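Structure data follow from target.cif (mmCIF, C-alpha atoms):
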data_final
loop_
_atom_site.label_atom_id
_atom_site.label_comp_id
_atom_site.auth_asym_id
_atom_site.auth_seq_id
_atom_site.Cartn_x
_atom_site.Cartn_y
_atom_site.Cartn_z
CA MET Q 1 157.19 21.68 165.75
CA SER Q 2 158.67 23.09 162.59
CA LYS Q 3 156.67 23.57 159.39
CA ARG Q 4 158.71 20.74 157.83
CA ASP Q 5 157.75 18.35 160.65
CA ALA Q 6 154.09 19.35 160.36
CA LYS Q 7 154.01 18.61 156.65
CA SER Q 8 155.47 15.09 157.15
CA ALA Q 9 152.94 14.02 159.81
CA PHE Q 10 149.67 12.14 159.14
CA THR Q 11 146.48 14.14 159.36
CA LEU Q 12 143.47 12.64 161.19
CA VAL Q 13 141.70 12.07 157.86
CA GLU Q 14 144.71 10.24 156.41
CA LEU Q 15 144.97 8.07 159.53
CA LEU Q 16 141.29 7.13 159.31
CA VAL Q 17 141.70 6.25 155.63
CA VAL Q 18 144.65 3.96 156.43
CA ILE Q 19 142.67 2.26 159.23
CA ALA Q 20 139.71 1.79 156.89
CA ILE Q 21 141.94 0.24 154.21
CA ILE Q 22 143.47 -2.14 156.75
CA GLY Q 23 139.98 -3.09 157.96
CA VAL Q 24 138.83 -3.84 154.43
CA MET Q 25 141.92 -5.96 153.77
CA VAL Q 26 141.39 -7.94 156.97
CA GLY Q 27 137.74 -8.43 156.05
CA LEU Q 28 138.72 -9.76 152.65
CA LEU Q 29 141.49 -12.01 153.94
CA LEU Q 30 139.74 -13.46 157.01
CA PRO Q 31 137.30 -15.72 155.10
CA ALA Q 32 140.18 -17.04 153.00
CA VAL Q 33 142.21 -17.77 156.15
CA GLN Q 34 139.24 -19.48 157.78
CA ALA Q 35 138.60 -21.53 154.64
CA ALA Q 36 142.25 -22.59 154.53
CA ARG Q 37 142.14 -23.64 158.18
CA GLU Q 38 138.93 -25.62 157.64
CA ALA Q 39 140.45 -27.30 154.58
CA ALA Q 40 143.41 -28.36 156.73
CA ARG Q 41 141.10 -29.64 159.49
CA ARG Q 42 139.02 -31.56 156.95
CA MET Q 43 142.17 -33.13 155.49
CA SER Q 44 143.33 -34.13 158.97
CA CYS Q 45 139.90 -35.59 159.71
CA GLY Q 46 139.99 -37.58 156.47
CA ASN Q 47 143.45 -38.87 157.34
CA ASN Q 48 142.14 -40.09 160.70
CA LEU Q 49 139.31 -41.94 158.98
CA LYS Q 50 141.79 -43.41 156.50
CA GLN Q 51 144.00 -44.68 159.32
CA LEU Q 52 141.01 -46.16 161.15
CA GLY Q 53 139.93 -47.92 157.96
CA LEU Q 54 143.44 -49.33 157.60
CA ALA Q 55 143.36 -50.41 161.26
CA MET Q 56 140.09 -52.26 160.62
CA HIS Q 57 141.63 -54.07 157.67
CA ASN Q 58 144.75 -54.98 159.64
CA TYR Q 59 142.56 -56.27 162.47
CA GLU Q 60 140.57 -58.36 159.97
CA SER Q 61 143.76 -59.66 158.41
CA THR Q 62 145.00 -60.75 161.85
CA TYR Q 63 141.80 -62.24 163.27
CA LYS Q 64 139.90 -63.02 160.03
CA LYS Q 65 136.97 -60.94 161.33
CA LEU Q 66 136.26 -57.27 161.88
CA PRO Q 67 135.80 -56.21 165.51
CA ALA Q 68 132.31 -56.23 167.00
CA LEU Q 69 130.58 -52.92 167.66
CA GLY Q 70 130.85 -53.81 171.33
CA SER Q 71 132.36 -56.80 173.17
CA ALA Q 72 131.13 -57.88 176.61
CA GLY Q 73 132.91 -59.51 179.50
CA MET Q 74 136.10 -57.44 179.79
CA GLY Q 75 135.07 -55.45 182.83
CA ALA Q 76 133.53 -55.84 186.24
CA ASP Q 77 130.08 -56.14 184.60
CA VAL Q 78 129.88 -58.83 181.89
CA ASN Q 79 126.82 -57.12 180.41
CA MET Q 80 128.72 -53.93 179.64
CA PRO Q 81 130.06 -53.99 176.04
CA TYR Q 82 133.36 -52.28 175.30
CA ALA Q 83 133.66 -50.58 171.92
CA TRP Q 84 135.47 -51.52 168.71
CA THR Q 85 137.84 -48.66 169.47
CA LEU Q 86 139.51 -50.71 172.19
CA ALA Q 87 140.05 -53.62 169.79
CA VAL Q 88 141.85 -51.50 167.18
CA LEU Q 89 144.18 -49.69 169.58
CA PRO Q 90 147.21 -51.87 168.65
CA PHE Q 91 146.63 -50.98 164.99
CA ILE Q 92 146.67 -47.20 165.57
CA GLU Q 93 150.00 -47.20 167.44
CA GLN Q 94 148.43 -47.41 170.91
CA ASN Q 95 149.95 -50.76 171.90
CA ALA Q 96 151.03 -49.69 175.39
CA MET Q 97 147.57 -48.36 176.18
CA TYR Q 98 145.94 -51.56 174.86
CA ASP Q 99 148.30 -53.82 176.85
CA ARG Q 100 147.54 -51.95 180.04
CA MET Q 101 143.81 -52.22 179.40
CA MET Q 102 144.03 -55.95 178.70
CA ALA Q 103 146.13 -56.54 181.81
CA GLN Q 104 143.39 -54.95 183.90
CA ALA Q 105 140.67 -56.83 181.97
CA LEU Q 106 142.13 -60.26 182.78
CA PRO Q 107 140.16 -62.42 185.26
CA SER Q 108 143.03 -61.99 187.74
CA GLY Q 109 142.80 -58.22 187.39
CA PRO Q 110 140.23 -55.83 188.82
CA GLY Q 111 138.40 -55.59 185.49
CA LEU Q 112 138.02 -52.54 183.31
CA PRO Q 113 136.08 -49.69 184.88
CA TYR Q 114 132.81 -48.59 183.35
CA PRO Q 115 133.45 -46.51 180.19
CA TRP Q 116 132.10 -43.39 181.88
CA VAL Q 117 134.18 -43.58 185.08
CA THR Q 118 136.39 -40.54 185.65
CA GLY Q 119 138.11 -41.61 188.83
CA THR Q 120 141.53 -40.71 190.19
CA SER Q 121 143.35 -44.05 190.04
CA ALA Q 122 146.54 -44.20 187.98
CA PHE Q 123 144.80 -46.38 185.38
CA GLU Q 124 141.82 -44.07 185.00
CA VAL Q 125 143.91 -40.92 184.78
CA GLU Q 126 146.68 -42.22 182.49
CA VAL Q 127 144.65 -44.57 180.27
CA TRP Q 128 140.89 -44.35 180.59
CA ARG Q 129 140.73 -40.56 180.56
CA LYS Q 130 143.21 -40.08 177.74
CA ASP Q 131 141.99 -38.41 174.54
CA ILE Q 132 143.51 -40.10 171.48
CA PRO Q 133 144.08 -37.57 168.64
CA SER Q 134 143.43 -40.14 165.89
CA LEU Q 135 139.94 -40.72 167.33
CA MET Q 136 139.06 -37.01 167.31
CA CYS Q 137 138.19 -34.70 164.42
CA PRO Q 138 139.99 -31.34 164.75
CA SER Q 139 136.80 -29.53 163.65
CA ASP Q 140 134.78 -31.09 166.44
CA MET Q 141 133.87 -29.31 169.68
CA PRO Q 142 134.63 -30.90 173.06
CA PRO Q 143 131.60 -31.17 175.36
CA GLY Q 144 131.33 -28.56 178.05
CA ASN Q 145 130.74 -31.22 180.70
CA ARG Q 146 133.32 -34.03 180.83
CA GLY Q 147 131.81 -35.65 183.95
CA GLU Q 148 130.82 -38.82 182.10
CA SER Q 149 133.03 -38.41 179.06
CA PRO Q 150 136.52 -39.55 180.03
CA SER Q 151 137.74 -40.08 176.46
CA LEU Q 152 136.21 -38.55 173.33
CA LEU Q 153 135.26 -40.15 170.01
CA SER Q 154 134.46 -38.34 166.74
CA TYR Q 155 134.27 -41.46 164.52
CA LYS Q 156 131.74 -44.26 164.80
CA ALA Q 157 130.95 -47.60 163.19
CA CYS Q 158 128.01 -47.99 160.82
CA VAL Q 159 125.10 -50.17 162.01
CA GLY Q 160 123.28 -49.71 158.70
CA ASP Q 161 119.77 -48.52 157.84
CA ASP Q 162 118.44 -50.07 161.03
CA TYR Q 163 116.96 -48.46 164.15
CA HIS Q 164 116.28 -51.81 165.81
CA GLN Q 165 119.84 -52.53 166.92
CA ASN Q 166 120.87 -51.61 170.45
CA HIS Q 167 120.78 -54.74 172.56
CA PHE Q 168 120.09 -57.39 169.94
CA ARG Q 169 122.80 -60.04 170.11
CA PRO Q 170 123.15 -63.21 167.98
CA ASN Q 171 121.10 -65.36 170.36
CA ASP Q 172 118.19 -62.94 170.00
CA ASN Q 173 117.71 -64.08 166.38
CA ARG Q 174 118.06 -60.52 165.19
CA ASP Q 175 120.73 -59.46 162.73
CA ASN Q 176 121.01 -55.82 161.77
CA ARG Q 177 121.64 -54.60 158.23
CA GLY Q 178 124.98 -52.87 158.75
CA ILE Q 179 128.46 -54.25 159.25
CA PHE Q 180 128.63 -53.77 163.02
CA GLN Q 181 126.62 -55.08 165.95
CA ILE Q 182 127.21 -55.94 169.60
CA GLN Q 183 128.79 -59.37 170.09
CA ARG Q 184 128.95 -60.11 166.37
CA TRP Q 185 132.22 -60.29 164.45
CA ARG Q 186 131.94 -60.22 160.66
CA GLY Q 187 134.38 -61.01 157.88
CA LEU Q 188 134.78 -58.77 154.85
CA ASN Q 189 133.32 -61.63 152.80
CA GLU Q 190 129.94 -60.99 154.49
CA ILE Q 191 129.66 -57.56 152.86
CA VAL Q 192 128.06 -58.84 149.68
CA ASP Q 193 126.96 -55.42 148.38
CA GLY Q 194 130.63 -54.68 147.71
CA LEU Q 195 133.30 -53.12 149.92
CA SER Q 196 133.29 -49.89 147.90
CA ASN Q 197 129.50 -49.59 148.24
CA THR Q 198 129.17 -50.10 152.00
CA ILE Q 199 130.02 -47.58 154.73
CA MET Q 200 132.19 -48.88 157.55
CA LEU Q 201 132.96 -45.74 159.60
CA GLY Q 202 131.80 -42.13 159.67
CA ALA Q 203 132.19 -38.87 161.54
CA VAL Q 204 129.69 -38.06 164.31
CA ALA Q 205 130.26 -34.62 165.83
CA GLY Q 206 129.57 -33.74 169.44
CA GLY Q 207 129.77 -30.69 171.66
CA GLY Q 208 127.55 -27.65 171.59
CA ALA Q 209 124.20 -27.27 173.35
CA PRO Q 210 122.01 -30.32 174.10
CA ASP Q 211 119.36 -29.09 171.64
CA ASP Q 212 121.80 -28.44 168.77
CA VAL Q 213 121.03 -30.36 165.59
CA ILE Q 214 124.69 -31.43 165.37
CA GLY Q 215 125.80 -32.86 168.69
CA GLY Q 216 122.37 -32.90 170.35
CA VAL Q 217 120.00 -35.85 170.70
CA ALA Q 218 116.20 -35.82 170.91
CA LEU Q 219 114.90 -38.37 173.43
CA VAL Q 220 111.71 -40.49 173.60
CA MET Q 221 111.43 -40.79 169.79
CA GLN Q 222 109.32 -43.95 169.94
CA SER Q 223 108.61 -44.43 166.27
CA TRP Q 224 110.30 -46.67 163.73
CA ASN Q 225 110.42 -44.24 160.80
CA PRO Q 226 112.99 -41.48 160.24
CA ALA Q 227 110.32 -38.86 159.50
CA ALA Q 228 109.36 -38.90 163.18
CA CYS Q 229 112.94 -38.03 164.07
CA GLU Q 230 113.00 -35.25 161.46
CA ALA Q 231 109.86 -33.86 163.10
CA ARG Q 232 111.81 -33.29 166.34
CA LEU Q 233 113.63 -30.45 164.58
CA ASP Q 234 111.74 -27.18 165.02
CA PRO Q 235 111.46 -25.66 161.51
CA ILE Q 236 111.62 -22.10 162.84
CA THR Q 237 114.30 -22.21 165.53
CA ARG Q 238 116.24 -25.11 163.95
CA ARG Q 239 116.64 -26.55 167.45
CA LEU Q 240 115.69 -29.99 168.74
CA THR Q 241 112.45 -30.10 170.71
CA ALA Q 242 112.43 -31.41 174.29
CA PRO Q 243 113.25 -33.77 175.84
CA VAL Q 244 116.90 -33.80 174.80
CA ARG Q 245 120.07 -35.49 176.02
CA ALA Q 246 121.68 -33.91 179.09
CA ASP Q 247 125.01 -32.21 178.53
CA PHE Q 248 126.89 -34.64 180.79
CA ARG Q 249 126.24 -37.59 178.47
CA PRO Q 250 127.07 -36.24 174.98
CA THR Q 251 127.17 -38.27 171.80
CA SER Q 252 130.94 -37.78 171.46
CA GLY Q 253 131.71 -39.01 174.98
CA ARG Q 254 132.86 -42.44 176.12
CA ALA Q 255 135.19 -43.58 173.36
CA PHE Q 256 135.23 -47.11 174.79
CA ASP Q 257 131.50 -47.65 175.47
CA GLY Q 258 130.28 -50.21 172.92
CA ARG Q 259 126.57 -49.39 172.96
CA PRO Q 260 125.32 -47.99 169.63
CA TYR Q 261 124.57 -44.55 171.10
CA PHE Q 262 128.25 -44.07 171.87
CA ALA Q 263 129.95 -46.28 169.26
CA GLY Q 264 127.72 -46.36 166.16
CA PHE Q 265 125.50 -44.46 163.74
CA ALA Q 266 122.70 -45.40 161.35
CA THR Q 267 122.03 -44.44 157.73
CA LEU Q 268 118.39 -43.47 158.19
CA VAL Q 269 118.20 -39.70 158.69
CA ALA Q 270 120.39 -37.85 156.17
CA PRO Q 271 123.83 -36.62 157.33
CA ASN Q 272 123.83 -33.53 159.56
CA GLY Q 273 120.16 -34.13 160.33
CA PRO Q 274 118.71 -34.67 163.82
CA SER Q 275 119.65 -37.67 165.94
CA CYS Q 276 117.03 -39.39 168.09
CA HIS Q 277 116.86 -41.97 170.87
CA TRP Q 278 113.98 -44.31 171.74
CA GLY Q 279 113.96 -43.75 175.49
CA GLU Q 280 115.69 -41.63 178.11
CA ILE Q 281 118.65 -43.94 178.77
CA ASP Q 282 121.61 -45.10 176.70
CA GLY Q 283 120.44 -48.70 176.35
CA ASN Q 284 117.58 -47.98 173.95
CA GLU Q 285 117.53 -47.94 170.15
CA HIS Q 286 119.43 -45.00 168.72
CA MET Q 287 118.68 -43.30 165.39
CA GLY Q 288 121.89 -41.31 165.37
CA THR Q 289 123.17 -40.15 162.01
CA ALA Q 290 126.59 -39.12 160.75
CA ALA Q 291 127.37 -35.45 161.37
CA SER Q 292 130.29 -33.07 161.16
CA ARG Q 293 131.23 -29.40 161.40
CA HIS Q 294 132.68 -29.50 157.90
CA PRO Q 295 130.34 -27.39 155.75
CA GLY Q 296 127.88 -29.32 153.60
CA GLY Q 297 128.29 -32.92 154.66
CA VAL Q 298 130.33 -35.64 156.34
CA GLN Q 299 133.31 -37.86 155.66
CA VAL Q 300 133.00 -41.64 155.74
CA THR Q 301 135.25 -44.64 155.31
CA TYR Q 302 134.00 -47.40 153.03
CA ALA Q 303 134.66 -51.05 153.74
CA ASP Q 304 137.43 -51.05 151.10
CA GLY Q 305 139.29 -48.46 153.20
CA SER Q 306 138.66 -45.48 150.93
CA VAL Q 307 137.45 -42.15 152.35
CA SER Q 308 134.78 -40.02 150.73
CA PHE Q 309 132.83 -36.83 151.48
CA ILE Q 310 129.05 -37.33 151.41
CA SER Q 311 126.74 -34.37 150.91
CA GLU Q 312 124.09 -33.70 153.53
CA SER Q 313 121.62 -33.46 150.63
CA ILE Q 314 122.15 -37.11 149.63
CA ASP Q 315 118.96 -38.98 148.71
CA ALA Q 316 117.54 -40.54 151.90
CA GLY Q 317 114.51 -42.13 150.22
CA ASN Q 318 111.09 -42.57 151.82
CA GLN Q 319 111.50 -41.43 155.41
CA THR Q 320 107.99 -42.51 156.43
CA ILE Q 321 108.67 -46.25 156.04
CA ASP Q 322 108.99 -48.14 159.31
CA ASP Q 323 111.77 -50.43 160.52
CA VAL Q 324 113.31 -52.72 157.89
CA GLU Q 325 113.42 -56.25 159.26
CA GLY Q 326 116.59 -58.27 158.97
CA PRO Q 327 119.67 -58.03 156.75
CA GLY Q 328 118.52 -60.18 153.77
CA SER Q 329 118.61 -59.11 150.15
CA ARG Q 330 116.14 -56.29 150.40
CA ILE Q 331 116.70 -52.90 148.83
CA SER Q 332 116.82 -50.10 151.37
CA PRO Q 333 113.77 -47.79 151.31
CA TYR Q 334 115.99 -44.98 152.61
CA GLY Q 335 117.53 -44.06 149.28
CA ILE Q 336 121.22 -43.97 148.48
CA TRP Q 337 122.06 -43.13 152.10
CA GLY Q 338 120.29 -46.24 153.37
CA ALA Q 339 121.78 -48.38 150.60
CA LEU Q 340 125.31 -47.30 151.54
CA GLY Q 341 124.67 -48.51 155.10
CA SER Q 342 123.26 -51.94 154.28
CA ARG Q 343 125.76 -54.69 153.57
CA THR Q 344 123.42 -57.20 151.85
CA GLY Q 345 120.61 -55.08 150.42
CA GLY Q 346 121.37 -55.97 146.83
CA GLU Q 347 121.23 -52.34 145.73
CA THR Q 348 123.11 -50.79 142.85
CA VAL Q 349 124.52 -47.63 144.38
CA SER Q 350 125.23 -44.60 142.20
CA GLN Q 351 126.03 -41.28 143.84
#

Take the structure I supplied and represent it as structure tokens, if you would.
Amino acid sequence: MSKRDAKSAFTLVELLVVIAIIGVMVGLLLPAVQAAREAARRMSCGNNLKQLGLAMHNYESTYKKLPALGSAGMGADVNMPYAWTLAVLPFIEQNAMYDRMMAQALPSGPGLPYPWVTGTSAFEVEVWRKDIPSLMCPSDMPPGNRGESPSLLSYKACVGDDYHQNHFRPNDNRDNRGIFQIQRWRGLNEIVDGLSNTIMLGAVAGGGAPDDVIGGVALVMQSWNPAACEARLDPITRRLTAPVRADFRPTSGRAFDGRPYFAGFATLVAPNGPSCHWGEIDGNEHMGTAASRHPGGVQVTYADGSVSFISESIDAGNQTIDDVEGPGSRISPYGIWGALGSRTGGETVSQ
């Protein structure tokens, strides 16, 4: 090598300096890139909620009622409710999928399979096991075990500030405080607190470990007040205490199962807080709250179709108060969060 060539080459020190500068630049740019990606995911998630709100309004315009949380009698088992998601498929550009489902649900057909079936028939593979992008938040995590989760759901219907709502149908003389309930179809005129003051839909994230605060569910929470659910969150580890939901039955699984655990959420525990279940099976009362992987809170759709971001620090009122009976004109004890869930509480909501 000539002296001229030697002078034009990088020394080891110069090379290390260049590498260090590049590393610093990457370190400075990476958070900005991640923030930009999250902003795009959050916008996409909000658009999904907006479209679902519009679908609800179009459904109500067509049938003069909103869909029920779950509707029974469309499958082989008349006691198995199928979720509101199935009802709105034609209004989110899934007409072909809906028609095929309804053809199978007819009395002359074999009936819809259970919402957790992951069989190999053409129907189950092409329809029942299909993930629909408009029902999934791009920031959400898919469950590691899809054994009983054929189709995923990141958005759920609001059952209000009410834990007492899983299998209570109209003939049980029990009416929950939110908009949605199994086998009950409501008109927008029944939301007397105001459409812009009542939550219709919200994000509920899944995935992760069974004892994660977001995505996990604490079982056997046999108390009627939200403070008991909050107590299932270990203050040191920030993990849910046992027993917890198994990973093969996650909260984001079964997009077409109409039971509140799979299709709904309550405004009791503040957003991104722990979710709890009364028993060890899916048919018990579920104190599941809205949750997302967007930093700081969750997105919801109000009954007027507007979408808003709600902080996880929203006032959730007196968490030690037990179950609130009935829908009547009673102010929610669970603060602004509870008031936003109740449709006839008579509250004046100010965020």

Item to check | Atomic distance atom CA of Q:Thr118 - atom CA of Q:Asp257, expressed in Å with one decimal | outcome: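 Straight-line distance from atom CA of Q:Thr118 to atom CA of Q:Asp257 works out to 13.3 Å.
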
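Selection by the PyMOL selection byres ((chain Q and resi 87-95) around 8) on the present file picks out Gln51, Leu52, Ala55, Met56, Asn58, Tyr59, Pro67, Ala83, Trp84, Thr85, Leu86, Ala96, Met97, Tyr98, Asp99 and Ser134 of chain Q.
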
Checklist entry - Suppose you want the space between atom CA of Q:Ala291 and atom CA of Q:Pro333; what is it in Å? => result 20.9 Å

Item to check | For Q:Glu148: contacts at 6 Å, all atoms listed in the file, fewer than 5 positions along chain excluded, given as a VMD selection string | outcome: chain Q and resid 116 248 to 249

Next on the checklist: For Q:Ile214, find every residue with an atom within 7 Å (counting all atoms listed in the file), except residues of its own chain fewer than 5 positions away, and show them as a list in words.
Outcome noted: Ala205, Gly206, Asn272, Pro274 and Ala291 of chain Q

Checklist entry - Using all atoms listed in the file, which of Q:Thr267, Q:Thr241, Q:Asn189, Q:Ser292 sits nearest Q:Glu60? => result Q:Asn189

Per residue of stretch 13-119 of chain Q within 9 Å of stretch 296-308 of chain Q, note the shortest atom pair and the distance in Å to one decimal, counting only C-alpha atoms, and order the rows by chain and increasing residue number, as a Markdown table.
| residue | atom | partner | partner_atom | distance |
| --- | --- | --- | --- | --- |
| Q:Arg42 | CA | Q:Gln299 | CA | 8.6 |
| Q:Cys45 | CA | Q:Gln299 | CA | 8.1 |
| Q:Gly46 | CA | Q:Val307 | CA | 6.7 |
| Q:Asn47 | CA | Q:Val307 | CA | 8.5 |
| Q:Leu49 | CA | Q:Thr301 | CA | 6.1 |
| Q:Lys50 | CA | Q:Val307 | CA | 6.1 |
| Q:Gln51 | CA | Q:Gly305 | CA | 8.6 |
| Q:Leu52 | CA | Q:Thr301 | CA | 8.3 |
| Q:Gly53 | CA | Q:Gly305 | CA | 4.8 |
| Q:Leu54 | CA | Q:Gly305 | CA | 6.1 |
| Q:Met56 | CA | Q:Gly305 | CA | 8.4 |
| Q:His57 | CA | Q:Gly305 | CA | 7.5 |

Next on the checklist: Translate the PyMOL selection byres ((chain Q and resi 314) around 10) into a concrete residue list for this structure, as a VMD selection string.
Outcome noted: chain Q and resid 270 to 271 297 310 to 313 315 to 317 335 to 337 351

What are the closest atom pairs, with distances in Å to one decimal, for all residues of stretch 232-332 of chain Q lying within 12 Å of stretch 155-162 of chain Q? Consider all atoms listed in the file, order rows by chain and residue number, and present the result as a tab-separated table.
residue	atom	partner	partner_atom	distance
Q:Thr251	CA	Q:Lys156	CA	10.3
Q:Ser252	CA	Q:Tyr155	CA	8.5
Q:Gly253	CA	Q:Tyr155	CA	11.0
Q:Arg254	CA	Q:Lys156	CA	11.5
Q:Ala255	CA	Q:Tyr155	CA	9.1
Q:Phe256	CA	Q:Lys156	CA	11.0
Q:Asp257	CA	Q:Lys156	CA	11.2
Q:Gly258	CA	Q:Ala157	CA	10.1
Q:Arg259	CA	Q:Ala157	CA	10.9
Q:Pro260	CA	Q:Val159	CA	7.9
Q:Tyr261	CA	Q:Lys156	CA	9.5
Q:Phe262	CA	Q:Lys156	CA	7.9
Q:Ala263	CA	Q:Lys156	CA	5.2
Q:Gly264	CA	Q:Ala157	CA	4.6
Q:Phe265	CA	Q:Cys158	CA	5.2
Q:Ala266	CA	Q:Gly160	CA	5.1
Q:Thr267	CA	Q:Asp161	CA	4.7
Q:Leu268	CA	Q:Asp161	CA	5.2
Q:Val269	CA	Q:Asp161	CA	9.0
Q:Ala270	CA	Q:Asp161	CA	10.8
Q:Glu285	CA	Q:Asp162	CA	9.4
Q:His286	CA	Q:Asp162	CA	9.3
Q:Met287	CA	Q:Asp162	CA	8.1
Q:Gly288	CA	Q:Val159	CA	10.0
Q:Thr289	CA	Q:Cys158	CA	9.3
Q:Ala290	CA	Q:Lys156	CA	8.3
Q:Ala291	CA	Q:Tyr155	CA	9.7
Q:Ser292	CA	Q:Tyr155	CA	9.9
Q:Val298	CA	Q:Tyr155	CA	10.8
Q:Gln299	CA	Q:Tyr155	CA	9.6
Q:Val300	CA	Q:Tyr155	CA	8.9
Q:Thr301	CA	Q:Ala157	CA	9.5
Q:Tyr302	CA	Q:Cys158	CA	9.8
Q:Ala303	CA	Q:Cys158	CA	10.2
Q:Ala316	CA	Q:Asp161	CA	10.2
Q:Gly317	CA	Q:Asp161	CA	11.3
Q:Gln319	CA	Q:Asp161	CA	11.2
Q:Ile321	CA	Q:Asp161	CA	11.5
Q:Asp322	CA	Q:Asp162	CA	9.8
Q:Asp323	CA	Q:Asp162	CA	6.7
Q:Val324	CA	Q:Asp162	CA	6.6
Q:Glu325	CA	Q:Asp162	CA	8.2
Q:Gly326	CA	Q:Asp162	CA	8.7
Q:Pro327	CA	Q:Asp162	CA	9.1
Q:Arg330	CA	Q:Asp161	CA	11.4
Q:Ile331	CA	Q:Asp161	CA	10.5
Q:Ser332	CA	Q:Asp161	CA	7.3

Item to check | Between atom CA of Q:Pro150 and atom CA of Q:Arg239, distance in Å (one decimal) | outcome: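 Taking atom CA of Q:Pro150 as the start and atom CA of Q:Arg239 as the end point, the length is 26.9 Å.
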